[in-house]
file my_file_22.txt (compact mmCIF, C-alpha atoms)
# COMPACT_ATOMS: atom_id res chain seq x y z
CA MET A 1 -7.12 64.44 1.42
CA VAL A 2 -6.05 61.49 3.54
CA SER A 3 -5.11 58.48 1.48
CA VAL A 4 -6.32 55.11 2.62
CA SER A 5 -4.18 52.12 1.78
CA HIS A 6 -5.58 48.93 0.32
CA GLU A 7 -4.21 47.04 3.32
CA SER A 8 -6.22 49.20 5.74
CA LEU A 9 -9.40 48.55 3.81
CA ASN A 10 -8.72 44.82 3.82
CA PRO A 11 -7.30 43.74 7.19
CA THR A 12 -4.52 41.22 6.70
CA SER A 13 -1.82 39.56 8.74
CA ALA A 14 0.68 39.99 5.90
CA GLY A 15 1.93 43.36 7.16
CA LEU A 16 2.29 42.09 10.71
CA GLU A 17 4.12 39.02 9.42
CA ARG A 18 6.58 41.21 7.50
CA ASP A 19 7.20 43.31 10.62
CA ALA A 20 7.79 40.17 12.67
CA ARG A 21 10.28 38.90 10.11
CA GLU A 22 12.18 42.17 10.22
CA MET A 23 12.30 41.98 14.03
CA HIS A 24 13.74 38.46 13.86
CA ALA A 25 15.90 39.03 10.81
CA ARG A 26 19.08 38.28 12.71
CA ALA A 27 17.69 35.19 14.42
CA ALA A 28 17.91 32.53 11.74
CA VAL A 29 15.86 29.43 12.47
CA ASP A 30 17.72 26.15 12.09
CA PRO A 31 16.11 23.00 10.65
CA GLY A 32 15.88 21.53 14.16
CA SER A 33 13.60 24.35 15.32
CA ILE A 34 11.50 23.99 12.18
CA ALA A 35 11.24 20.25 12.82
CA ILE A 36 9.98 20.79 16.37
CA GLY A 37 7.38 23.27 15.18
CA VAL A 38 6.22 20.90 12.45
CA ILE A 39 5.91 17.98 14.87
CA ILE A 40 3.94 20.08 17.38
CA GLY A 41 1.57 21.23 14.64
CA ARG A 42 0.98 17.77 13.24
CA THR A 43 0.57 16.28 16.71
CA SER A 44 -2.22 18.73 17.51
CA GLU A 45 -4.06 17.87 14.29
CA PHE A 46 -3.81 14.13 14.84
CA PHE A 47 -4.70 14.45 18.51
CA ASP A 48 -8.02 16.03 17.55
CA PHE A 49 -8.42 13.42 14.82
CA PHE A 50 -7.83 10.42 17.09
CA VAL A 51 -9.85 11.75 20.00
CA TYR A 52 -12.82 11.74 17.66
CA ALA A 53 -11.85 8.38 16.12
CA ILE A 54 -11.70 6.62 19.48
CA ALA A 55 -14.97 8.17 20.60
CA SER A 56 -16.59 7.01 17.36
CA VAL A 57 -16.11 3.47 18.72
CA LEU A 58 -16.47 3.84 22.48
CA VAL A 59 -18.95 6.70 22.87
CA PHE A 60 -21.04 7.77 19.91
CA PRO A 61 -22.68 4.40 19.10
CA LYS A 62 -24.19 4.46 22.61
CA LEU A 63 -24.65 8.20 23.11
CA ILE A 64 -25.78 9.32 19.64
CA PHE A 65 -27.14 6.08 18.14
CA PRO A 66 -28.67 4.20 21.10
CA PHE A 67 -31.80 3.36 19.08
CA VAL A 68 -30.00 0.62 17.12
CA ASP A 69 -27.87 -2.39 18.06
CA PRO A 70 -24.12 -1.92 18.70
CA LEU A 71 -22.98 -3.02 15.21
CA PRO A 72 -25.24 -0.72 13.16
CA GLY A 73 -24.64 2.00 15.73
CA THR A 74 -20.88 1.74 15.16
CA LEU A 75 -21.38 1.71 11.39
CA LEU A 76 -23.50 4.87 11.61
CA SER A 77 -20.82 6.43 13.78
CA PHE A 78 -18.20 5.56 11.16
CA LEU A 79 -20.31 7.22 8.48
CA VAL A 80 -20.31 10.46 10.47
CA PHE A 81 -16.56 9.90 10.93
CA SER A 82 -16.12 10.05 7.14
CA LEU A 83 -17.72 13.51 6.86
CA ALA A 84 -14.49 15.25 7.84
CA PHE A 85 -12.63 13.64 4.94
CA ILE A 86 -15.30 14.80 2.51
CA ALA A 87 -15.14 18.32 3.92
CA ARG A 88 -11.34 18.53 3.99
CA PRO A 89 -10.79 19.36 0.28
CA VAL A 90 -13.52 22.00 0.54
CA GLY A 91 -11.66 23.45 3.51
CA SER A 92 -8.48 23.64 1.44
CA PHE A 93 -10.27 25.65 -1.27
CA ILE A 94 -11.76 28.05 1.28
CA PHE A 95 -8.63 28.57 3.33
CA MET A 96 -6.34 28.89 0.31
CA ALA A 97 -8.49 31.88 -0.69
CA ILE A 98 -8.14 33.30 2.83
CA ASP A 99 -4.39 32.74 2.59
CA ARG A 100 -4.14 34.62 -0.72
CA ASN A 101 -6.22 37.57 0.49
CA TYR A 102 -5.37 37.93 4.17
CA GLY A 103 -2.11 36.09 4.83
CA ARG A 104 -0.89 32.84 6.32
CA GLY A 105 -1.27 34.05 9.90
CA VAL A 106 -4.99 34.80 9.53
CA LYS A 107 -5.54 31.51 7.78
CA LEU A 108 -3.79 29.44 10.45
CA THR A 109 -5.45 31.29 13.32
CA ILE A 110 -8.96 30.75 11.92
CA ALA A 111 -8.24 27.11 11.03
CA MET A 112 -6.71 26.16 14.37
CA VAL A 113 -9.40 27.95 16.39
CA LEU A 114 -12.05 26.21 14.30
CA LEU A 115 -10.36 22.83 14.73
CA GLY A 116 -9.85 23.15 18.47
CA GLY A 117 -13.18 24.87 19.00
CA SER A 118 -15.24 22.29 17.11
CA THR A 119 -13.46 19.43 18.88
CA ALA A 120 -13.90 21.06 22.30
CA ALA A 121 -17.55 21.80 21.51
CA MET A 122 -18.14 18.07 21.12
CA SER A 123 -17.43 17.70 24.84
CA PHE A 124 -20.75 19.48 25.49
CA LEU A 125 -22.81 17.32 23.13
CA PRO A 126 -26.14 16.07 24.47
CA GLY A 127 -27.16 12.52 23.75
CA PHE A 128 -29.92 11.22 21.51
CA ASN A 129 -32.02 10.43 24.58
CA ASP A 130 -31.87 14.11 25.52
CA VAL A 131 -32.53 15.98 22.27
CA GLY A 132 -33.33 13.26 19.74
CA VAL A 133 -32.19 13.65 16.14
CA TYR A 134 -30.62 17.03 16.93
CA ALA A 135 -27.76 15.15 18.61
CA ILE A 136 -26.91 13.51 15.28
CA ILE A 137 -27.18 16.85 13.44
CA LEU A 138 -24.93 18.62 15.94
CA LEU A 139 -22.30 15.88 15.82
CA SER A 140 -22.34 15.90 12.02
CA ILE A 141 -21.96 19.70 11.85
CA LEU A 142 -19.05 19.68 14.28
CA ARG A 143 -17.39 16.82 12.41
CA ILE A 144 -17.69 18.76 9.14
CA CYS A 145 -16.14 21.77 10.89
CA GLN A 146 -13.22 19.56 11.91
CA GLY A 147 -12.73 18.57 8.28
CA LEU A 148 -12.90 22.13 7.01
CA ALA A 149 -10.36 23.18 9.64
CA LEU A 150 -7.98 20.34 8.78
CA GLY A 151 -8.05 21.55 5.18
CA GLY A 152 -7.02 24.99 6.41
CA ALA A 153 -4.37 23.76 8.83
CA TRP A 154 -1.92 23.09 6.00
CA ASP A 155 0.81 25.60 6.79
CA GLY A 156 3.67 24.87 4.40
CA LEU A 157 6.09 24.22 7.26
CA ALA A 158 6.74 20.67 6.07
CA SER A 159 7.74 22.12 2.70
CA LEU A 160 9.91 24.70 4.48
CA LEU A 161 11.63 21.83 6.27
CA ALA A 162 12.07 19.89 3.03
CA LEU A 163 13.45 22.91 1.21
CA ASN A 164 16.05 23.30 3.96
CA ALA A 165 17.04 19.63 3.80
CA PRO A 166 20.46 18.55 2.49
CA THR A 167 20.26 16.70 -0.82
CA ASN A 168 21.36 13.40 0.68
CA ARG A 169 18.95 13.58 3.64
CA ARG A 170 15.62 14.38 2.01
CA GLY A 171 14.05 11.12 3.15
CA TRP A 172 15.06 11.84 6.73
CA TYR A 173 13.54 15.33 6.71
CA ALA A 174 10.41 14.11 4.90
CA MET A 175 9.60 11.65 7.69
CA ILE A 176 9.76 14.24 10.50
CA PRO A 177 6.24 15.71 10.01
CA GLN A 178 4.81 12.17 9.96
CA LEU A 179 5.86 11.64 13.57
CA GLY A 180 2.89 13.76 14.60
CA ALA A 181 0.47 10.93 13.77
CA PRO A 182 1.68 8.30 16.27
CA ILE A 183 2.41 10.94 18.92
CA GLY A 184 -1.11 12.36 18.55
CA PHE A 185 -2.54 8.83 18.74
CA MET A 186 -0.52 8.06 21.87
CA LEU A 187 -1.86 11.16 23.64
CA ALA A 188 -5.47 10.41 22.66
CA SER A 189 -5.33 6.69 23.43
CA ALA A 190 -3.62 7.27 26.80
CA LEU A 191 -6.30 9.75 27.86
CA PHE A 192 -9.16 7.46 26.88
CA ALA A 193 -7.48 4.39 28.40
CA TYR A 194 -7.16 6.23 31.71
CA PHE A 195 -10.80 7.24 31.88
CA VAL A 196 -12.09 3.87 30.64
CA ALA A 197 -10.01 2.04 33.25
CA ASN A 198 -10.85 4.30 36.19
CA LEU A 199 -14.53 5.08 35.65
CA SER A 200 -17.62 2.94 35.56
CA THR A 201 -19.32 2.56 32.20
CA VAL A 202 -22.10 4.89 33.31
CA ASP A 203 -19.70 7.59 34.51
CA PHE A 204 -17.52 7.27 31.41
CA LEU A 205 -20.51 7.76 29.09
CA GLU A 206 -21.87 10.54 31.28
CA PHE A 207 -18.77 12.74 31.64
CA GLY A 208 -15.47 10.85 31.38
CA TRP A 209 -15.24 10.82 27.59
CA ARG A 210 -15.67 14.59 27.44
CA TYR A 211 -12.30 15.47 28.99
CA PRO A 212 -10.10 14.43 26.02
CA PHE A 213 -12.26 16.56 23.73
CA PHE A 214 -12.00 19.54 26.05
CA CYS A 215 -8.20 19.21 26.12
CA ALA A 216 -8.10 19.64 22.34
CA PHE A 217 -8.53 23.40 22.46
CA MET A 218 -5.52 23.88 24.74
CA VAL A 219 -3.40 21.60 22.58
CA ASN A 220 -4.32 23.59 19.48
CA VAL A 221 -3.52 26.93 21.13
CA VAL A 222 0.01 25.72 21.89
CA ALA A 223 0.39 24.41 18.35
CA LEU A 224 -0.91 27.67 16.86
CA PHE A 225 1.72 29.79 18.60
CA ALA A 226 4.46 27.33 17.60
CA ARG A 227 3.36 27.61 13.96
CA LEU A 228 2.94 31.38 13.90
CA ARG A 229 6.45 31.78 15.27
CA LEU A 230 7.86 29.86 12.30
CA VAL A 231 5.61 31.57 9.76
CA ALA A 232 7.13 34.87 10.93
CA THR A 233 10.72 33.74 10.27
CA PRO A 234 12.90 35.35 7.58
CA GLU A 235 13.34 31.92 5.94
CA PHE A 236 9.60 31.53 5.49
CA GLY A 237 9.29 35.10 4.20
CA ALA A 238 12.09 34.60 1.68
CA LEU A 239 10.36 31.55 0.26
CA LEU A 240 7.08 33.45 0.07
CA GLU A 241 8.77 36.27 -1.83
CA ARG A 242 10.13 33.71 -4.30
CA HIS A 243 6.56 32.33 -4.56
CA GLU A 244 7.70 28.89 -3.37
CA LEU A 245 5.26 28.67 -0.45
CA GLU A 246 2.48 30.91 -1.75
CA PRO A 247 -0.97 29.49 -2.47
CA VAL A 248 -2.11 29.32 -6.08
CA ARG A 249 -5.61 29.03 -7.42
CA MET A 250 -6.76 25.44 -7.61
CA SER A 251 -7.81 25.89 -11.23
CA GLU A 252 -4.27 26.93 -12.12
CA LEU A 253 -2.80 24.05 -10.08
CA LEU A 254 -4.96 21.49 -11.86
CA ARG A 255 -4.14 22.99 -15.25
CA VAL A 256 -0.39 22.76 -14.66
CA HIS A 257 -0.16 19.72 -12.37
CA GLY A 258 -3.45 17.87 -12.83
CA ARG A 259 -1.72 14.59 -13.65
CA ASP A 260 0.60 14.95 -10.67
CA VAL A 261 -2.36 15.55 -8.35
CA LEU A 262 -4.06 12.40 -9.65
CA ILE A 263 -1.01 10.16 -9.40
CA GLY A 264 0.11 11.70 -6.12
CA ALA A 265 -3.28 11.00 -4.56
CA PHE A 266 -2.88 7.27 -5.21
CA VAL A 267 0.80 6.85 -4.28
CA PRO A 268 0.19 6.63 -0.49
CA LEU A 269 -3.04 4.57 -0.59
CA ALA A 270 -1.41 1.42 0.81
CA SER A 271 -0.27 3.46 3.79
CA PHE A 272 -3.54 5.34 4.26
CA ALA A 273 -5.64 2.17 3.97
CA THR A 274 -3.46 0.59 6.67
CA PHE A 275 -3.76 3.72 8.80
CA HIS A 276 -7.29 3.06 10.00
CA LEU A 277 -7.08 -0.70 9.83
CA VAL A 278 -4.55 -0.73 12.69
CA THR A 279 -6.08 2.08 14.77
CA VAL A 280 -9.84 2.63 14.54
CA PHE A 281 -11.10 -0.58 12.94
CA PRO A 282 -9.46 -3.12 15.32
CA LEU A 283 -10.68 -1.10 18.32
CA GLY A 284 -14.20 -1.38 16.91
CA TRP A 285 -13.80 -5.09 16.21
CA VAL A 286 -12.46 -5.83 19.69
CA THR A 287 -15.21 -3.79 21.33
CA LEU A 288 -17.93 -5.58 19.40
CA TYR A 289 -16.65 -9.15 19.13
CA SER A 290 -14.23 -9.91 21.97
CA ALA A 291 -14.12 -10.03 25.74
CA GLN A 292 -11.00 -7.84 25.88
CA THR A 293 -11.66 -4.47 27.47
CA PRO A 294 -11.25 -1.37 25.29
CA GLY A 295 -8.93 0.19 27.88
CA SER A 296 -6.44 -2.68 27.74
CA PHE A 297 -6.54 -2.76 23.95
CA LEU A 298 -5.89 0.99 23.79
CA LEU A 299 -2.74 0.43 25.83
CA VAL A 300 -1.63 -2.22 23.34
CA GLU A 301 -2.23 0.28 20.54
CA PHE A 302 -0.23 2.82 22.55
CA LEU A 303 2.73 0.41 22.47
CA GLY A 304 2.09 -0.19 18.78
CA ALA A 305 2.33 3.55 18.16
CA ILE A 306 5.79 3.52 19.75
CA CYS A 307 6.79 0.85 17.23
CA GLY A 308 5.30 3.10 14.55
CA ILE A 309 7.53 5.98 15.63
CA VAL A 310 10.63 3.78 15.36
CA ALA A 311 9.51 2.58 11.94
CA ILE A 312 8.89 6.14 10.70
CA VAL A 313 12.43 7.08 11.71
CA CYS A 314 13.75 3.98 9.92
CA SER A 315 11.78 4.98 6.81
CA GLY A 316 13.82 8.17 6.60
CA LEU A 317 17.08 6.25 6.80
CA LEU A 318 15.94 3.69 4.22
CA ALA A 319 14.63 6.31 1.80
CA ASP A 320 18.00 8.09 1.82
CA ARG A 321 19.78 4.81 1.21
CA ILE A 322 17.62 3.05 -1.39
CA GLY A 323 15.50 5.95 -2.71
CA ARG A 324 12.00 7.05 -1.73
CA ARG A 325 10.34 5.33 -4.66
CA ASN A 326 11.91 1.97 -3.85
CA GLN A 327 11.18 2.42 -0.17
CA LEU A 328 7.49 3.08 -0.83
CA ALA A 329 7.30 0.04 -3.10
CA VAL A 330 8.92 -2.17 -0.47
CA GLY A 331 6.50 -0.85 2.15
CA ALA A 332 3.54 -1.61 -0.11
CA VAL A 333 4.74 -5.18 -0.70
CA LEU A 334 5.18 -5.74 3.04
CA ILE A 335 1.64 -4.44 3.64
CA ALA A 336 0.40 -6.89 1.00
CA ILE A 337 2.05 -9.75 2.88
CA PHE A 338 0.55 -8.45 6.13
CA ALA A 339 -2.88 -8.41 4.47
CA PHE A 340 -2.80 -12.20 4.04
CA VAL A 341 -2.10 -12.91 7.72
CA ALA A 342 -4.11 -10.03 9.24
CA PRO A 343 -7.48 -11.88 9.46
CA TRP A 344 -5.98 -14.83 11.32
CA LEU A 345 -4.08 -12.57 13.70
CA LEU A 346 -7.09 -10.39 14.48
CA ASP A 347 -9.22 -13.49 15.04
CA GLY A 348 -6.45 -15.33 16.90
CA GLY A 349 -7.24 -14.38 20.47
CA VAL A 350 -5.47 -11.87 22.66
CA THR A 351 -1.97 -12.81 21.49
CA GLY A 352 -2.95 -12.68 17.83
CA ARG A 353 -4.55 -9.26 18.21
CA HIS A 354 -1.49 -7.88 19.96
CA ILE A 355 0.77 -9.15 17.17
CA TYR A 356 -1.63 -7.63 14.63
CA VAL A 357 -1.35 -4.22 16.28
CA VAL A 358 2.43 -4.20 16.73
CA LEU A 359 3.17 -5.57 13.27
CA GLY A 360 0.56 -3.34 11.66
CA PHE A 361 1.88 -0.16 13.27
CA THR A 362 5.43 -1.08 12.29
CA LEU A 363 4.53 -1.57 8.63
CA LEU A 364 2.38 1.55 8.72
CA GLY A 365 5.34 3.56 9.98
CA LEU A 366 7.66 2.28 7.25
CA SER A 367 5.17 3.28 4.58
CA PHE A 368 3.57 6.36 6.14
CA GLY A 369 6.95 7.90 6.91
CA GLN A 370 7.52 8.81 3.25
CA ALA A 371 3.91 9.25 2.11
CA ALA A 372 3.78 13.05 2.40
CA GLY A 373 7.24 13.55 0.91
CA ALA A 374 6.30 11.45 -2.07
CA SER A 375 3.29 13.65 -2.80
CA ALA A 376 5.19 16.93 -2.37
CA SER A 377 8.07 15.82 -4.59
CA ARG A 378 5.81 15.70 -7.63
CA PHE A 379 5.32 19.47 -7.76
CA SER A 380 7.56 22.25 -8.96
CA ARG A 381 8.44 24.69 -6.20
CA ASN A 382 5.85 27.35 -7.08
CA TYR A 383 3.05 24.79 -6.84
CA ARG A 384 4.38 22.66 -3.99
CA TYR A 385 2.35 24.31 -1.21
CA SER A 386 -1.08 24.09 -2.84
CA GLY A 387 -0.32 20.85 -4.67
CA SER A 388 0.75 19.06 -1.50
CA ALA A 389 -2.38 20.23 0.32
CA LEU A 390 -4.85 19.11 -2.34
CA THR A 391 -3.07 15.81 -2.99
CA SER A 392 -3.05 15.01 0.71
CA ASP A 393 -6.75 15.81 1.02
CA LEU A 394 -7.65 13.50 -1.86
CA SER A 395 -5.40 10.71 -0.56
CA TRP A 396 -7.05 10.80 2.86
CA LEU A 397 -10.52 10.86 1.29
CA ILE A 398 -9.91 7.97 -1.12
CA GLY A 399 -7.67 5.81 1.05
CA ALA A 400 -8.80 6.39 4.61
CA GLY A 401 -12.08 8.30 4.84
CA PHE A 402 -14.38 5.30 4.54
CA ALA A 403 -11.90 2.61 5.65
CA PRO A 404 -13.38 1.93 9.12
CA PHE A 405 -16.92 1.74 7.76
CA VAL A 406 -16.03 -0.47 4.78
CA ALA A 407 -13.78 -2.79 6.79
CA LEU A 408 -16.30 -3.27 9.60
CA ALA A 409 -19.24 -3.70 7.21
CA LEU A 410 -17.43 -6.30 5.10
CA SER A 411 -15.87 -8.22 7.99
CA SER A 412 -19.09 -8.37 10.03
CA GLN A 413 -21.07 -9.57 7.02
CA PHE A 414 -18.60 -11.83 5.21
CA GLY A 415 -15.67 -12.40 7.57
CA LEU A 416 -12.33 -10.80 8.35
CA VAL A 417 -10.75 -12.11 5.16
CA TYR A 418 -12.48 -9.28 3.27
CA THR A 419 -10.42 -6.82 5.26
CA SER A 420 -7.43 -8.28 3.43
CA LEU A 421 -9.01 -7.47 0.09
CA TYR A 422 -9.45 -3.87 1.15
CA LEU A 423 -5.80 -3.61 2.15
CA LEU A 424 -4.69 -5.28 -1.07
CA SER A 425 -6.68 -2.79 -3.13
CA GLY A 426 -4.67 0.01 -1.52
CA VAL A 427 -1.43 -1.83 -2.24
CA VAL A 428 -2.36 -2.27 -5.91
CA CYS A 429 -3.17 1.44 -6.22
CA THR A 430 0.16 2.40 -4.66
CA LEU A 431 2.23 0.09 -6.86
CA VAL A 432 0.43 1.18 -10.05
CA ALA A 433 0.84 4.86 -9.11
CA ILE A 434 4.56 4.32 -8.40
CA PHE A 435 4.93 2.58 -11.75
CA PHE A 436 3.44 5.55 -13.59
CA SER A 437 5.28 8.07 -11.45
CA LYS A 438 8.63 9.23 -12.80
CA THR A 439 9.41 12.14 -10.50
CA LEU A 440 9.52 10.81 -6.95
CA GLU A 441 13.30 11.04 -7.02
CA THR A 442 13.98 13.65 -9.70
CA ARG A 443 12.30 16.84 -8.49
CA ASP A 444 13.98 19.15 -6.06
CA ASN A 445 12.70 18.20 -2.63
call {"tool": "encode", "arguments": {"input": "my_file_22.txt", "output": "structure tokens"}}
result
Amino acid sequence: MVSVSHESLNPTSAGLERDAREMHARAAVDPGSIAIGVIIGRTSEFFDFFVYAIASVLVFPKLIFPFVDPLPGTLLSFLVFSLAFIARPVGSFIFMAIDRNYGRGVKLTIAMVLLGGSTAAMSFLPGFNDVGVYAIILLSILRICQGLALGGAWDGLASLLALNAPTNRRGWYAMIPQLGAPIGFMLASALFAYFVANLSTVDFLEFGWRYPFFCAFMVNVVALFARLRLVATPEFGALLERHELEPVRMSELLRVHGRDVLIGAFVPLASFATFHLVTVFPLGWVTLYSAQTPGSFLLVEFLGAICGIVAIVCSGLLADRIGRRNQLAVGAVLIAIFAFVAPWLLDGGVTGRHIYVVLGFTLLGLSFGQAAGASASRFSRNYRYSGSALTSDLSWLIGAGFAPFVALALSSQFGLVYTSLYLLSGVVCTLVAIFFSKTLETRDN
């Protein structure tokens, strides 16, 4: 009788991953190579994210919600925008199960194909004038698919990088994955700025906006191969065998680290609240209430993202010098100060808006640079992978998911000063969470 293995009955990438690790057993991967792979992966995720975010201001209010005025159309677009953040924790639950049963390679491949595919599919969306309410349904479904995929795109490579970091340089290594956010924004904003500047409004809404979405699939394919190469390294396999990067059931995670998940979700709220208030929201405000062209403002935000990159790098240096907990607290206080001047800057003409963007991106970088590391540091090694994923999902949902909608709704109804209150609420949450947190510096990073 021919015996049939369990692995043959249940196709999995685990066996292939083990073979790949054996093939590359002599080729150790240095932290620099891991860092490059992490940055490429994060850049692809944020590129997809920001392509949609920019279109939610410049395209979807006119294409999908033309039956209402520009302000309510943008608010409706921002509500659809939030669907991905609601779906993201669900995606983590689904893809963690795929990871446990079929391996990290299968999980990443499905997640990245879904992310790139759903984003690219948006480039073929018909407008409301063509298919009516089905345009809204299709956009919502694809946005939910993006969120599910983002939940599954968590690969553990940032933890691999942190676990390879020298003790005195943990802040530096923690900031490296965060560089993907401004780089992804720069790519997305540059593409949109080019098409907005070189096409008529009619041509841009007809076909120009579709190109950045179509590029997403190619970007994700490149990122997928970069990630799979690192997942197949002996270093990654060794950590899996020690159960340090293996997924655990969410019920077990919450039983052991429920308090850490709760506190960790609130630690980066000052950063995550700022995230959309210097990227998506001001673009919406400028488009609706100023004479400045969206293309020129996107270029200003492009320059702001460069300042954000410099600030993220500085956050790593500061965290290693003064401690991550102190660095996060200082960043939150600076964001609080920024909150008091933000309304006057945003309403202060072209010069004021430019200062708002540059200053906002700089403060965002100082805070955002250590946000992920702060969440991961709360978990013991066996729970770091799943704990970091769930905590990140909840932080994005609470702090950023509804930020553009809330900020635009409040500011358009009551004035820009209410945007400050929203930012300050995030600062308060961060400072309270830091106060109750005792492990940002004590756990092994």
call {"tool": "residues_around", "arguments": {"input": "my_file_22.txt", "residues": "A:Thr119", "least_positions_apart": "3", "cutoff": "6 Å", "atoms": "all atoms listed in the file", "output": "PyMOL selection string"}}
result
chain A and resi 116+122+213
call {"tool": "closest_atom_pairs", "arguments": {"input": "my_file_22.txt", "of": "stretch 79-162 of chain A", "to": "stretch 219-226 of chain A", "cutoff": "9 Å", "atoms": "all atoms listed in the file", "output": "Markdown table"}}
result
| residue | atom | partner | partner_atom | distance |
| --- | --- | --- | --- | --- |
| A:Leu108 | CA | A:Leu224 | CA | 7.2 |
| A:Thr109 | CA | A:Leu224 | CA | 6.8 |
| A:Met112 | CA | A:Asn220 | CA | 6.2 |
| A:Val113 | CA | A:Asn220 | CA | 7.4 |
| A:Leu115 | CA | A:Asn220 | CA | 7.7 |
| A:Gly116 | CA | A:Asn220 | CA | 5.6 |
| A:Gly117 | CA | A:Asn220 | CA | 9.0 |
call {"tool": "write_last_selection", "arguments": {"input": "my_file_22.txt", "atoms": "C-alpha atoms", "output": "CSV table (one decimal), keeping the file's coordinate frame"}}
result
chain,number,residue,atom,x,y,z
A,108,LEU,CA,-3.8,29.4,10.4
A,109,THR,CA,-5.4,31.3,13.3
A,112,MET,CA,-6.7,26.2,14.4
A,113,VAL,CA,-9.4,28.0,16.4
A,115,LEU,CA,-10.4,22.8,14.7
A,116,GLY,CA,-9.8,23.2,18.5
A,117,GLY,CA,-13.2,24.9,19.0
call {"tool": "closest_residue", "arguments": {"input": "my_file_22.txt", "among": "A:Ala265, A:Leu334, A:Ala84, A:Val196", "to": "A:Pro294", "atoms": "all atoms listed in the file"}}
result
A:Val196
call {"tool": "residues_around", "arguments": {"input": "my_file_22.txt", "residues": "A:Asn168", "least_positions_apart": "3", "cutoff": "9 Å", "atoms": "only C-alpha atoms", "output": "list of chain:residue names"}}
result
A:Ala165, A:Gly171, A:Trp172, A:Asp320, A:Arg321
call {"tool": "closest_residue", "arguments": {"input": "my_file_22.txt", "among": "A:Ser411, A:Gln370, A:Ser395, A:Gln327", "to": "A:Leu346", "atoms": "only C-alpha atoms"}}
result
A:Ser411
call {"tool": "closest_atom_pairs", "arguments": {"input": "my_file_22.txt", "of": "stretch 289-322 of chain A", "to": "stretch 362-365 of chain A", "cutoff": "12 Å", "atoms": "all atoms listed in the file", "output": "Markdown table"}}
result
| residue | atom | partner | partner_atom | distance |
| --- | --- | --- | --- | --- |
| A:Glu301 | CA | A:Thr362 | CA | 11.3 |
| A:Leu303 | CA | A:Thr362 | CA | 10.6 |
| A:Gly304 | CA | A:Thr362 | CA | 7.4 |
| A:Ala305 | CA | A:Thr362 | CA | 8.1 |
| A:Ile306 | CA | A:Thr362 | CA | 8.8 |
| A:Cys307 | CA | A:Thr362 | CA | 5.5 |
| A:Gly308 | CA | A:Gly365 | CA | 4.6 |
| A:Ile309 | CA | A:Gly365 | CA | 6.5 |
| A:Val310 | CA | A:Gly365 | CA | 7.5 |
| A:Ala311 | CA | A:Gly365 | CA | 4.7 |
| A:Ile312 | CA | A:Gly365 | CA | 4.4 |
| A:Val313 | CA | A:Gly365 | CA | 8.1 |
| A:Cys314 | CA | A:Gly365 | CA | 8.4 |
| A:Ser315 | CA | A:Gly365 | CA | 7.3 |
| A:Gly316 | CA | A:Gly365 | CA | 10.2 |
call {"tool": "write_last_selection", "arguments": {"input": "my_file_22.txt", "atoms": "C-alpha atoms", "output": "CSV table (one decimal), keeping the file's coordinate frame"}}
result
chain,number,residue,atom,x,y,z
A,301,GLU,CA,-2.2,0.3,20.5
A,303,LEU,CA,2.7,0.4,22.5
A,304,GLY,CA,2.1,-0.2,18.8
A,305,ALA,CA,2.3,3.6,18.2
A,306,ILE,CA,5.8,3.5,19.8
A,307,CYS,CA,6.8,0.8,17.2
A,308,GLY,CA,5.3,3.1,14.6
A,309,ILE,CA,7.5,6.0,15.6
A,310,VAL,CA,10.6,3.8,15.4
A,311,ALA,CA,9.5,2.6,11.9
A,312,ILE,CA,8.9,6.1,10.7
A,313,VAL,CA,12.4,7.1,11.7
A,314,CYS,CA,13.8,4.0,9.9
A,315,SER,CA,11.8,5.0,6.8
A,316,GLY,CA,13.8,8.2,6.6
call {"tool": "closest_residue", "arguments": {"input": "my_file_22.txt", "among": "A:Ile398, A:Ser33, A:Ile335, A:Val38", "to": "A:Ala174", "atoms": "all atoms listed in the file"}}
result
A:Val38
call {"tool": "closest_residue", "arguments": {"input": "my_file_22.txt", "among": "A:Leu366, A:Val131, A:Cys215, A:Leu262", "to": "A:Ala433", "atoms": "all atoms listed in the file"}}
result
A:Leu262
call {"tool": "residues_around", "arguments": {"input": "my_file_22.txt", "residues": "A:Asp99", "least_positions_apart": "3", "cutoff": "12 Å", "atoms": "all atoms listed in the file", "output": "ChimeraX atom specification"}}
result
/A:12-14,91-96,102-111,152-156,240,245-249,385-386
call {"tool": "closest_residue", "arguments": {"input": "my_file_22.txt", "among": "A:Leu253, A:Leu390, A:Ala273, A:Leu199", "to": "A:Phe402", "atoms": "all atoms listed in the file"}}
result
A:Ala273
call {"tool": "axis_aligned_box", "arguments": {"input": "my_file_22.txt", "around": "stretch 321-330 of chain A", "padding_each_side": "5 Å", "output": "AutoDock Vina command-line options"}}
result
--center_x 13.5 --center_y 2.4 --center_z -1.7 --size_x 22.5 --size_y 19.2 --size_z 15.9
call {"tool": "residues_around", "arguments": {"input": "my_file_22.txt", "residues": "A:Gly387", "least_positions_apart": "3", "cutoff": "9 Å", "atoms": "only C-alpha atoms", "output": "PyMOL selection string"}}
result
chain A and resi 247-248+250+253-254+257+260-261+375-376+378-379+383-384+390-392
call {"tool": "closest_residue", "arguments": {"input": "my_file_22.txt", "among": "A:Val350, A:Val280, A:Leu317, A:Leu423", "to": "A:Gln292", "atoms": "all atoms listed in the file"}}
result
A:Val350
call {"tool": "atom_distance", "arguments": {"input": "my_file_22.txt", "atom1": "atom CA of A:Val80", "atom2": "atom CA of A:Tyr52"}}
result
10.5 Å
call {"tool": "atom_distance", "arguments": {"input": "my_file_22.txt", "atom1": "atom CA of A:Ser251", "atom2": "atom CA of A:Glu45"}}
result
27.0 Å
